[in-house]
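Undergrad: One structure, as structure tokens, below. Some questions next.
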There are 2 protein chains.
Amino acid sequence: MTHKITIKEVAVRAGVSYQTVSKVLNGQAQVSKETKQRIMDAVRELGYRPNQIARNMRAKRSHMIGYSWIPTAPNQVNHILDQFLSSMVLEAEAAGYHLLPFPFREGQAQVDGYRELINTGRVDGFVISSVNYNDPRITFLLEQNFPFVAFGRSNAELDFPYVDIDGVAGLCQAVEYLISREHCRIAAIAWPDASRVGNERLRGYLDAMQAGGLDIRPEWIERGEGTFAFGREAASRLLRLSPSERPTAIVALNDTQAIGALHAARELGLEAGRDISIIGFDDAPMSQYLFPPMTTVRQPIREAGRTCVEILLALMKGNQPLKRNVLLQPELILRDSA
Amino acid sequence: MTHKITIKEVAVRAGVSYQTVSKVLNGQAQVSKETKQRIMDAVRELGYRPNQIARNMRAKRSHMIGYSWIPTAPNQVNHILDQFLSSMVLEAEAAGYHLLPFPFREGQAQVDGYRELINTGRVDGFVISSVNYNDPRITFLLEQNFPFVAFGRSNAELDFPYVDIDGVAGLCQAVEYLISREHCRIAAIAWPDASRVGNERLRGYLDAMQAGGLDIRPEWIERGEGTFAFGREAASRLLRLSPSERPTAIVALNDTQAIGALHAARELGLEAGRDISIIGFDDAPMSQYLFPPMTTVRQPIREAGRTCVEILLALMKGNQPLKRNVLLQPELILRDSA
DNA sequence: AACGTTCACCCGAACGTTCGCATTCATAAT
DNA sequence: ATTATGAATGCGAACGTTCGGGTGAACGTT
């Protein structure tokens, strides 16, 4: 492995002290044009690049942003990660920062991972995702007064910087669309009320139903896990209600549940898009390839990743960022299932 | 933000020199039990954790592994990334290493990203993926004699450490299964011959066909992009061949193409799993939720990520790793489409 | 001729570690 | 009593930067 060039070697070649080279490189030196040129030439000829570790050491910063995510179960999807990560990586790199992904731990041990990275000086800030109510990471980081941005909101009383997708608006759009297509009996397949994201989306459903002057029947609201199995089971129940009560449309809080609902409909001999309308949430990549292609709500993930890093960079600089809380608007993608 | 504890503060509290603390912590000191205990107590009481940047500076190592991947197009899937990344992160962390994801660049600029990370001392090694023939990264890294492991193979004449999934075996399994189900006319939807991965998998098809004593007809081999559109188009052509020539089964080199084929079959009024058998490759998470659930080949991604890092760690230590080239076996997942 | 300014550059120190060698002190061997 | 031995610890230096202050020469001003 080829030897690494240091600033001293550049200095020798340019015939100046190495500190002068440093100053020239950082644009804070009064030097004659000629020496500056000599230094630049030497840098180029030797292919010198400043050692980042030494820089970090001196600056007492790591120029790293910690990030960890819940690894999905083997048969689950994380179609978000690629977009979220690469948008963060891109935005961070432009500011001389890099991402440091670290393993996700459950329960109390989770905070230990964060603490360790702080105490060893490996990161200057965090982006946290999969945020929910009473997230121990949030209280911990606030307490430590350590820079972080959350992708997702938590308890209303906690004040911290976040970026989130407007779940209320997402479901509003879906329901409003269904109402515009003359649907009156619209059901929702939702999540347990321990999920802030789920509650948000459900509220979008409720708001839009109310705004549209439609009945909200408790039996039209199914709450359970965000899985294929629950989606199928819930839809199956909904579609077996008596004809006068049976919903003509179903909105699910994610695509996986919606696909379960699609299966339930098919099992009952109903064709989605004709006999029953189904709308998902997430725009999972395969949703477009289903039978029929699924109408769903797409989240601006790249925008979210970019914005998280943007805010975090300002925080780490010590600035109050211009925007501390950002709510991004999702978009209804019309296909054939509704 | 709370002040960071240094080794000197620990030393003061324990009443020894800071270098002694260092030695105790690194287990290379002859010290009395009592002072050792005093030092350990001080460490615990102050919550001291060694500054990793300073350590890295001293050791002239970053303890970082560079990794970058091709971000997928908005409507594409990367269901691999989550598993691959988290298995690498986990394996790396156990050895005190972390991953440094950096933006993927196209063409010649790609190598610049790698060079920059080397020259600035940010990484000690790389894992590279999306490897193909004549990969400029491989020649560059070999030339620099810089530690790396490839996930995927390249030109046969290049000798470098890699981990790969046995594509030949994967398609063999698929075709052998079809043969066992009495299929005689089996077609393949393959990729352009610029893809090493594609060629490998296609060879698996050819080998198994030959071993099974079946006809290999050129019109049964479609080559094109690994997209939904091409899969549909190719399958459509195949299924419109004259009855005596029409294949009774189709293997595709990835799930996206296979799903395209599923659509083509349906458009022609054929039911997959009954009128025509279709097998994909990748076990994309949604494949199980299709109509019908799709038979496909699953790759041991976590194992691949783990092994890449395992080999790389040995290389970075300066050891010749026990295994330098690893070929992992994929697994046929039987569902209803074949 | 003495003095202040400015320019162009040098130099010491520090960031938080680790490492090799030096030093001190007690104990045992001569 | 002197010397060798070993255990327990201290000390200086170094890793590659950046930063602030210092310094000598050239020049202009009175």
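Chain labels run A, B, ... following the order of the structure tokens; each chain numbers its residues from 1, and ligands are numbered from 1 in the order shown.
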Determine, counting only C-alpha atoms (C1' of nucleotides), which protein, DNA and RNA residues have an atom within 10 Å of an atom of D:DT18; residues of the same chain fewer than 4 positions away are not included. Present the result as a list of chain:residue names.
TA: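 Here the qualifying residues turn out to be A:Gln19, A:Ser22, A:Lys23, A:Asn26, A:Ala54, A:Arg55, A:Arg58, A:Ala59, C:DA14, C:DC15.
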Undergrad: What's around A:Arg153 at 7 Å? Count only C-alpha atoms (C1' of nucleotides), leave out sequence neighbours fewer than 6 positions away in its own chain, and write the answer as a list in words.
TA: Val131, Asn132, Tyr162 and Asp164 of chain A
Undergrad: Go ahead and compute the interatomic distance for atom CA of A:Ala29 and atom CA of A:Val16, in Å to one decimal.
TA: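 So the two atoms, atom CA of A:Ala29 and atom CA of A:Val16, lie 12.8 Å apart.
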Undergrad: Show me, as a list in words, every residue of chain C with an atom at most 7 Å from chain B, counting only C-alpha atoms (C1' of nucleotides).
TA: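 Contact residues on the first chain: DG16, DT17 and DT18 of chain C.
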Undergrad: Write the selection just made, keeping N, CA and C atoms (P, O5', C5', C4', C3', O3' and C1' of nucleotides), as a PDB file, in the first residue's frame?
TA:
ATOM      1  P    DG C  16      -8.480  17.178  24.151  1.00  0.00           P
ATOM      2  O5'  DG C  16      -8.089  15.656  23.939  1.00  0.00           O
ATOM      3  C5'  DG C  16      -8.900  14.858  23.107  1.00  0.00           C
ATOM      4  C4'  DG C  16      -8.262  13.501  22.970  1.00  0.00           C
ATOM      5  C3'  DG C  16      -8.002  12.789  24.298  1.00  0.00           C
ATOM      6  O3'  DG C  16      -8.452  11.461  24.150  1.00  0.00           O
ATOM      7  C1'  DG C  16      -6.015  12.908  23.039  1.00  0.00           C
ATOM      8  P    DT C  17      -8.455  10.446  25.368  1.00  0.00           P
ATOM      9  O5'  DT C  17      -7.851   9.185  24.621  1.00  0.00           O
ATOM     10  C5'  DT C  17      -6.497   8.853  24.824  1.00  0.00           C
ATOM     11  C4'  DT C  17      -5.911   8.367  23.528  1.00  0.00           C
ATOM     12  C3'  DT C  17      -4.914   7.249  23.745  1.00  0.00           C
ATOM     13  O3'  DT C  17      -5.519   6.032  23.340  1.00  0.00           O
ATOM     14  C1'  DT C  17      -3.928   9.054  22.478  1.00  0.00           C
ATOM     15  P    DT C  18      -4.908   4.694  23.965  1.00  0.00           P
ATOM     16  O5'  DT C  18      -3.484   4.567  23.263  1.00  0.00           O
ATOM     17  C5'  DT C  18      -3.412   4.299  21.875  1.00  0.00           C
ATOM     18  C4'  DT C  18      -1.958   4.174  21.480  1.00  0.00           C
ATOM     19  C3'  DT C  18      -1.208   3.039  22.192  1.00  0.00           C
ATOM     20  O3'  DT C  18      -0.413   2.409  21.188  1.00  0.00           O
ATOM     21  C1'  DT C  18      -0.083   5.095  22.551  1.00  0.00           C
TER      22       DT C  18
END
Undergrad: Using Å and a single decimal, report how far atom CA of A:Leu313 sits from atom CA of A:Phe148.
TA: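 Distance reported for this atom pair: 9.4 Å.
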Undergrad: Using only C-alpha atoms for the distances, tell me which of B:Arg324, B:His79, B:Arg217, B:Arg61 is nearest to B:Ile118.
TA: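 For B:Ile118, the nearest of the given residues is B:Arg61.
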Undergrad: Just need chain A moved onto chain B: least-squares over all Cα atoms matched in order, then output as a tab-separated table (two decimals) with C-alpha atoms, in the first residue's frame.
TA:
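selection-v7.tsv, freshly written:
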chain	number	residue	atom	x	y	z
A	1	MET	CA	-23.37	19.78	25.23
A	2	THR	CA	-21.62	18.14	28.10
A	3	HIS	CA	-17.84	18.21	28.30
A	4	LYS	CA	-15.93	15.15	27.13
A	5	ILE	CA	-13.80	13.29	29.64
A	6	THR	CA	-10.19	12.69	28.65
A	7	ILE	CA	-7.70	10.20	29.89
A	8	LYS	CA	-5.87	12.91	31.80
A	9	GLU	CA	-8.83	13.62	33.99
A	10	VAL	CA	-9.07	9.96	34.79
A	11	ALA	CA	-5.39	9.95	35.66
A	12	VAL	CA	-5.72	12.89	38.02
A	13	ARG	CA	-8.59	11.27	39.83
A	14	ALA	CA	-6.75	7.99	40.14
A	15	GLY	CA	-3.53	9.72	41.14
A	16	VAL	CA	-1.35	8.28	38.41
A	17	SER	CA	0.14	9.49	35.15
A	18	TYR	CA	-2.20	9.42	32.19
A	19	GLN	CA	0.06	7.06	30.30
A	20	THR	CA	-0.42	4.52	33.04
A	21	VAL	CA	-4.16	4.78	32.61
A	22	SER	CA	-3.71	4.11	28.92
A	23	LYS	CA	-1.66	1.01	29.61
A	24	VAL	CA	-4.10	-0.36	32.12
A	25	LEU	CA	-6.95	0.19	29.71
A	26	ASN	CA	-5.07	-1.62	27.00
A	27	GLY	CA	-4.06	-4.40	29.35
A	28	GLN	CA	-0.36	-3.95	28.85
A	29	ALA	CA	0.80	-2.63	32.16
A	30	GLN	CA	2.43	-4.05	35.21
A	31	VAL	CA	0.54	-2.30	37.94
A	32	SER	CA	-0.51	-3.24	41.40
A	33	LYS	CA	-4.00	-4.49	41.93
A	34	GLU	CA	-4.85	-1.45	43.98
A	35	THR	CA	-3.88	1.18	41.41
A	36	LYS	CA	-5.56	-0.81	38.71
A	37	GLN	CA	-8.69	-0.79	40.82
A	38	ARG	CA	-8.38	2.92	41.46
A	39	ILE	CA	-8.05	3.55	37.75
A	40	MET	CA	-11.00	1.40	36.87
A	41	ASP	CA	-13.09	3.14	39.49
A	42	ALA	CA	-12.15	6.53	38.13
A	43	VAL	CA	-13.01	5.43	34.61
A	44	ARG	CA	-16.39	4.23	35.74
A	45	GLU	CA	-17.16	7.21	37.93
A	46	LEU	CA	-16.30	9.71	35.24
A	47	GLY	CA	-17.85	7.64	32.48
A	48	TYR	CA	-14.65	7.87	30.50
A	49	ARG	CA	-14.53	6.40	27.00
A	50	PRO	CA	-11.37	6.73	24.93
A	51	ASN	CA	-11.59	9.25	22.14
A	52	GLN	CA	-11.68	7.25	18.97
A	53	ILE	CA	-10.29	9.97	16.76
A	54	ALA	CA	-7.17	10.29	18.85
A	55	ARG	CA	-6.79	6.53	18.83
A	56	ASN	CA	-7.15	6.43	15.10
A	57	MET	CA	-4.68	9.21	14.73
A	58	ARG	CA	-2.11	7.40	16.77
A	59	ALA	CA	-2.76	4.07	15.08
A	60	LYS	CA	-2.87	5.63	11.62
A	61	ARG	CA	-6.08	3.83	10.92
A	62	SER	CA	-9.59	5.09	10.55
A	63	HIS	CA	-11.37	1.88	11.51
A	64	MET	CA	-13.76	2.61	8.69
A	65	ILE	CA	-14.87	0.53	5.75
A	66	GLY	CA	-16.00	2.37	2.65
A	67	TYR	CA	-19.10	1.25	0.84
A	68	SER	CA	-21.18	2.74	-1.92
A	69	TRP	CA	-24.00	1.39	-3.98
A	70	ILE	CA	-25.97	2.35	-7.06
A	71	PRO	CA	-29.03	4.24	-5.88
A	72	THR	CA	-32.02	2.72	-7.58
A	73	ALA	CA	-34.28	4.61	-9.91
A	74	PRO	CA	-37.44	5.91	-8.21
A	75	ASN	CA	-39.62	3.02	-9.34
A	76	GLN	CA	-37.04	0.32	-8.79
A	77	VAL	CA	-36.39	-1.87	-5.80
A	78	ASN	CA	-33.37	-2.37	-3.67
A	79	HIS	CA	-34.60	-4.89	-1.19
A	80	ILE	CA	-31.06	-6.11	-0.81
A	81	LEU	CA	-29.57	-3.01	0.72
A	82	ASP	CA	-31.15	-3.25	4.13
A	83	GLN	CA	-29.98	-6.79	4.72
A	84	PHE	CA	-26.61	-6.33	3.14
A	85	LEU	CA	-25.84	-3.14	5.01
A	86	SER	CA	-27.04	-4.25	8.38
A	87	SER	CA	-25.17	-7.52	8.22
A	88	MET	CA	-22.00	-5.65	7.33
A	89	VAL	CA	-22.53	-3.05	10.02
A	90	LEU	CA	-23.04	-5.74	12.61
A	91	GLU	CA	-20.00	-7.77	11.65
A	92	ALA	CA	-17.85	-4.65	11.43
A	93	GLU	CA	-18.90	-3.24	14.76
A	94	ALA	CA	-17.92	-6.42	16.55
A	95	ALA	CA	-14.35	-5.72	15.43
A	96	GLY	CA	-14.44	-2.02	16.29
A	97	TYR	CA	-15.03	-0.96	12.70
A	98	HIS	CA	-17.77	1.11	11.15
A	99	LEU	CA	-19.12	1.55	7.68
A	100	LEU	CA	-18.70	4.71	5.69
A	101	PRO	CA	-21.28	4.92	2.93
A	102	PHE	CA	-20.37	7.35	0.21
A	103	PRO	CA	-22.14	8.54	-2.93
A	104	PHE	CA	-21.98	6.42	-6.01
A	105	ARG	CA	-20.55	8.13	-9.06
A	106	GLU	CA	-20.70	7.04	-12.65
A	107	GLY	CA	-17.85	6.40	-15.03
A	108	GLN	CA	-14.33	7.55	-14.36
A	109	ALA	CA	-15.42	9.84	-11.54
A	110	GLN	CA	-16.31	6.71	-9.65
A	111	VAL	CA	-12.70	5.89	-8.97
A	112	ASP	CA	-12.10	9.44	-7.75
A	113	GLY	CA	-14.46	8.84	-4.87
A	114	TYR	CA	-12.43	5.84	-3.82
A	115	ARG	CA	-9.13	7.63	-4.28
A	116	GLU	CA	-10.25	10.56	-2.20
A	117	LEU	CA	-11.25	8.34	0.71
A	118	ILE	CA	-7.92	6.57	0.58
A	119	ASN	CA	-5.84	9.71	0.35
A	120	THR	CA	-7.63	11.50	3.14
A	121	GLY	CA	-7.20	8.43	5.29
A	122	ARG	CA	-10.88	8.09	5.92
A	123	VAL	CA	-11.10	4.38	5.27
A	124	ASP	CA	-8.94	1.32	5.78
A	125	GLY	CA	-10.68	-0.81	3.21
A	126	PHE	CA	-13.62	-1.15	0.87
A	127	VAL	CA	-16.46	-3.46	0.12
A	128	ILE	CA	-17.51	-2.95	-3.47
A	129	SER	CA	-20.71	-4.18	-4.99
A	130	SER	CA	-22.44	-4.04	-8.37
A	131	VAL	CA	-19.25	-5.46	-9.79
A	132	ASN	CA	-19.05	-6.31	-13.46
A	133	TYR	CA	-16.50	-7.06	-16.16
A	134	ASN	CA	-13.65	-4.54	-16.43
A	135	ASP	CA	-14.65	-2.80	-13.26
A	136	PRO	CA	-12.31	0.20	-12.99
A	137	ARG	CA	-12.50	0.06	-9.20
A	138	ILE	CA	-10.92	-3.37	-9.11
A	139	THR	CA	-7.91	-2.50	-11.21
A	140	PHE	CA	-7.48	0.72	-9.30
A	141	LEU	CA	-7.58	-0.89	-5.88
A	142	LEU	CA	-5.33	-3.74	-6.90
A	143	GLU	CA	-2.87	-1.22	-8.27
A	144	GLN	CA	-2.97	0.77	-5.04
A	145	ASN	CA	-2.66	-2.48	-3.15
A	146	PHE	CA	-5.49	-1.25	-0.97
A	147	PRO	CA	-7.59	-3.79	0.95
A	148	PHE	CA	-10.99	-4.52	-0.53
A	149	VAL	CA	-13.51	-7.29	-1.02
A	150	ALA	CA	-15.92	-7.46	-3.92
A	151	PHE	CA	-19.47	-8.67	-3.68
A	152	GLY	CA	-19.55	-10.23	-7.12
A	153	ARG	CA	-16.99	-11.48	-9.61
A	154	SER	CA	-15.35	-9.77	-12.56
A	155	ASN	CA	-12.97	-10.85	-15.32
A	156	ALA	CA	-11.63	-14.35	-14.82
A	157	GLU	CA	-8.02	-13.22	-15.18
A	158	LEU	CA	-8.21	-10.82	-12.28
A	159	ASP	CA	-7.29	-12.25	-8.91
A	160	PHE	CA	-8.93	-10.49	-6.00
A	161	PRO	CA	-10.96	-11.38	-2.91
A	162	TYR	CA	-14.65	-11.75	-3.53
A	163	VAL	CA	-17.87	-13.15	-2.19
A	164	ASP	CA	-20.53	-14.07	-4.67
A	165	ILE	CA	-23.78	-15.96	-4.97
A	166	ASP	CA	-23.59	-18.99	-7.18
A	167	GLY	CA	-25.86	-17.94	-10.03
A	168	VAL	CA	-25.18	-21.09	-11.98
A	169	ALA	CA	-26.41	-23.21	-9.09
A	170	GLY	CA	-29.42	-20.94	-8.62
A	171	LEU	CA	-30.67	-21.42	-12.12
A	172	CYS	CA	-29.75	-25.07	-12.11
A	173	GLN	CA	-32.02	-25.58	-9.14
A	174	ALA	CA	-34.86	-23.75	-10.83
A	175	VAL	CA	-34.54	-25.66	-14.10
A	176	GLU	CA	-34.02	-29.00	-12.40
A	177	TYR	CA	-37.18	-28.45	-10.44
A	178	LEU	CA	-39.09	-27.70	-13.61
A	179	ILE	CA	-37.67	-30.81	-15.26
A	180	SER	CA	-38.75	-32.85	-12.26
A	181	ARG	CA	-42.24	-31.55	-12.90
A	182	GLU	CA	-42.10	-32.95	-16.42
A	183	HIS	CA	-41.45	-29.71	-18.23
A	184	CYS	CA	-39.57	-30.18	-21.49
A	185	ARG	CA	-39.83	-26.81	-23.15
A	186	ILE	CA	-38.27	-24.33	-20.81
A	187	ALA	CA	-37.47	-20.77	-21.83
A	188	ALA	CA	-35.23	-18.20	-20.20
A	189	ILE	CA	-35.56	-14.46	-19.94
A	190	ALA	CA	-31.98	-13.32	-19.58
A	191	TRP	CA	-29.84	-10.19	-19.58
A	192	PRO	CA	-27.52	-8.59	-22.10
A	193	ASP	CA	-24.18	-10.36	-22.30
A	194	ALA	CA	-22.41	-7.37	-20.80
A	195	SER	CA	-23.56	-8.59	-17.41
A	196	ARG	CA	-21.38	-11.12	-15.70
A	197	VAL	CA	-24.13	-11.94	-13.22
A	198	GLY	CA	-26.54	-12.45	-16.08
A	199	ASN	CA	-24.17	-14.67	-18.00
A	200	GLU	CA	-23.56	-16.77	-14.91
A	201	ARG	CA	-27.25	-17.34	-14.34
A	202	LEU	CA	-27.86	-18.05	-17.98
A	203	ARG	CA	-25.12	-20.64	-17.91
A	204	GLY	CA	-26.94	-22.31	-15.04
A	205	TYR	CA	-29.97	-22.55	-17.29
A	206	LEU	CA	-27.93	-23.97	-20.16
A	207	ASP	CA	-26.09	-26.45	-17.96
A	208	ALA	CA	-29.25	-27.78	-16.40
A	209	MET	CA	-31.03	-28.04	-19.74
A	210	GLN	CA	-28.17	-29.99	-21.18
A	211	ALA	CA	-27.81	-32.18	-18.12
A	212	GLY	CA	-31.52	-32.93	-18.35
A	213	GLY	CA	-31.14	-33.84	-21.99
A	214	LEU	CA	-33.53	-31.11	-23.11
A	215	ASP	CA	-33.50	-29.16	-26.32
A	216	ILE	CA	-32.01	-25.72	-26.11
A	217	ARG	CA	-33.66	-23.55	-28.71
A	218	PRO	CA	-32.32	-20.08	-29.45
A	219	GLU	CA	-35.84	-18.71	-29.64
A	220	TRP	CA	-36.34	-19.75	-26.05
A	221	ILE	CA	-33.63	-17.45	-24.87
A	222	GLU	CA	-34.64	-13.83	-24.63
A	223	ARG	CA	-31.99	-11.31	-23.67
A	224	GLY	CA	-32.73	-7.78	-22.58
A	225	GLU	CA	-32.87	-5.44	-19.63
A	226	GLY	CA	-33.81	-6.71	-16.22
A	227	THR	CA	-37.00	-4.67	-16.19
A	228	PHE	CA	-40.70	-5.33	-15.88
A	229	ALA	CA	-41.23	-4.03	-19.40
A	230	PHE	CA	-38.73	-6.35	-20.98
A	231	GLY	CA	-39.99	-9.32	-18.96
A	232	ARG	CA	-43.49	-8.72	-20.20
A	233	GLU	CA	-42.46	-8.18	-23.77
A	234	ALA	CA	-40.20	-11.24	-23.85
A	235	ALA	CA	-42.75	-13.51	-22.24
A	236	SER	CA	-45.36	-12.24	-24.61
A	237	ARG	CA	-43.19	-13.30	-27.55
A	238	LEU	CA	-42.44	-16.66	-26.01
A	239	LEU	CA	-46.04	-17.44	-25.25
A	240	ARG	CA	-47.11	-16.63	-28.77
A	241	LEU	CA	-44.83	-19.19	-30.38
A	242	SER	CA	-46.64	-21.96	-32.21
A	243	PRO	CA	-48.11	-24.64	-29.89
A	244	SER	CA	-45.36	-27.14	-30.64
A	245	GLU	CA	-42.66	-24.60	-29.88
A	246	ARG	CA	-44.27	-22.73	-27.07
A	247	PRO	CA	-42.44	-23.16	-23.76
A	248	THR	CA	-44.39	-24.59	-20.83
A	249	ALA	CA	-42.13	-22.90	-18.34
A	250	ILE	CA	-40.13	-19.71	-18.11
A	251	VAL	CA	-37.26	-18.86	-15.83
A	252	ALA	CA	-36.32	-15.21	-15.45
A	253	LEU	CA	-33.06	-13.88	-14.12
A	254	ASN	CA	-34.77	-11.63	-11.63
A	255	ASP	CA	-38.14	-11.12	-10.03
A	256	THR	CA	-38.91	-7.93	-11.85
A	257	GLN	CA	-38.69	-9.65	-15.21
A	258	ALA	CA	-40.63	-12.60	-13.83
A	259	ILE	CA	-43.42	-10.30	-12.71
A	260	GLY	CA	-43.47	-8.85	-16.21
A	261	ALA	CA	-43.84	-12.41	-17.49
A	262	LEU	CA	-46.66	-13.03	-15.04
A	263	HIS	CA	-48.46	-10.03	-16.51
A	264	ALA	CA	-47.89	-11.21	-20.07
A	265	ALA	CA	-49.33	-14.61	-19.21
A	266	ARG	CA	-52.37	-13.11	-17.62
A	267	GLU	CA	-52.89	-10.84	-20.60
A	268	LEU	CA	-52.94	-13.92	-22.80
A	269	GLY	CA	-55.46	-15.58	-20.53
A	270	LEU	CA	-52.98	-18.01	-19.06
A	271	GLU	CA	-52.87	-18.76	-15.37
A	272	ALA	CA	-49.40	-18.99	-13.93
A	273	GLY	CA	-48.80	-22.20	-12.03
A	274	ARG	CA	-51.35	-24.05	-14.09
A	275	ASP	CA	-51.05	-23.10	-17.75
A	276	ILE	CA	-47.53	-21.82	-17.55
A	277	SER	CA	-44.83	-22.08	-14.91
A	278	ILE	CA	-42.78	-19.04	-14.06
A	279	ILE	CA	-39.79	-18.81	-11.76
A	280	GLY	CA	-38.06	-15.63	-10.72
A	281	PHE	CA	-34.77	-14.84	-9.01
A	282	ASP	CA	-34.09	-12.69	-5.92
A	283	ASP	CA	-37.05	-13.38	-3.69
A	284	ALA	CA	-38.07	-9.77	-3.66
A	285	PRO	CA	-40.22	-9.22	-0.59
A	286	MET	CA	-43.44	-8.76	-2.51
A	287	SER	CA	-43.03	-11.88	-4.60
A	288	GLN	CA	-44.80	-13.83	-1.92
A	289	TYR	CA	-47.84	-11.58	-2.20
A	290	LEU	CA	-48.39	-11.79	-5.93
A	291	PHE	CA	-51.15	-13.72	-7.66
A	292	PRO	CA	-50.08	-16.42	-7.56
A	293	PRO	CA	-47.26	-16.20	-5.01
A	294	MET	CA	-44.10	-16.53	-7.02
A	295	THR	CA	-41.58	-19.33	-6.97
A	296	THR	CA	-38.15	-17.76	-6.93
A	297	VAL	CA	-34.52	-18.16	-5.94
A	298	ARG	CA	-33.42	-16.60	-2.69
A	299	GLN	CA	-29.90	-15.32	-2.16
A	300	PRO	CA	-28.22	-15.48	1.25
A	301	ILE	CA	-27.63	-11.76	1.43
A	302	ARG	CA	-26.89	-11.43	5.12
A	303	GLU	CA	-24.37	-14.21	4.85
A	304	ALA	CA	-22.77	-12.43	1.92
A	305	GLY	CA	-22.48	-9.13	3.80
A	306	ARG	CA	-21.10	-10.82	6.86
A	307	THR	CA	-18.52	-12.73	4.85
A	308	CYS	CA	-17.37	-9.69	2.89
A	309	VAL	CA	-16.57	-7.88	6.11
A	310	GLU	CA	-15.01	-10.95	7.67
A	311	ILE	CA	-12.57	-11.32	4.81
A	312	LEU	CA	-11.89	-7.62	4.65
A	313	LEU	CA	-11.08	-7.47	8.35
A	314	ALA	CA	-8.47	-10.17	7.88
A	315	LEU	CA	-7.00	-8.34	4.90
A	316	MET	CA	-6.79	-5.08	6.79
A	317	LYS	CA	-5.06	-6.82	9.65
A	318	GLY	CA	-2.49	-7.88	7.11
A	319	ASN	CA	-3.44	-11.53	7.33
A	320	GLN	CA	-4.13	-13.67	4.36
A	321	PRO	CA	-7.76	-14.59	5.06
A	322	LEU	CA	-8.56	-18.27	5.35
A	323	LYS	CA	-10.93	-18.06	2.46
A	324	ARG	CA	-10.31	-15.47	-0.17
A	325	ASN	CA	-13.05	-16.35	-2.59
A	326	VAL	CA	-16.43	-17.47	-1.37
A	327	LEU	CA	-19.32	-18.74	-3.42
A	328	LEU	CA	-22.60	-18.93	-1.54
A	329	GLN	CA	-25.47	-21.17	-2.48
A	330	PRO	CA	-28.88	-19.73	-3.21
A	331	GLU	CA	-32.07	-21.55	-2.38
A	332	LEU	CA	-35.16	-22.27	-4.45
A	333	ILE	CA	-38.30	-21.02	-2.74
A	334	LEU	CA	-41.29	-23.01	-3.90
A	335	ARG	CA	-44.56	-21.14	-4.17
A	336	ASP	CA	-47.42	-21.38	-6.61
A	337	SER	CA	-46.21	-19.90	-9.89
A	338	ALA	CA	-44.30	-23.06	-10.75
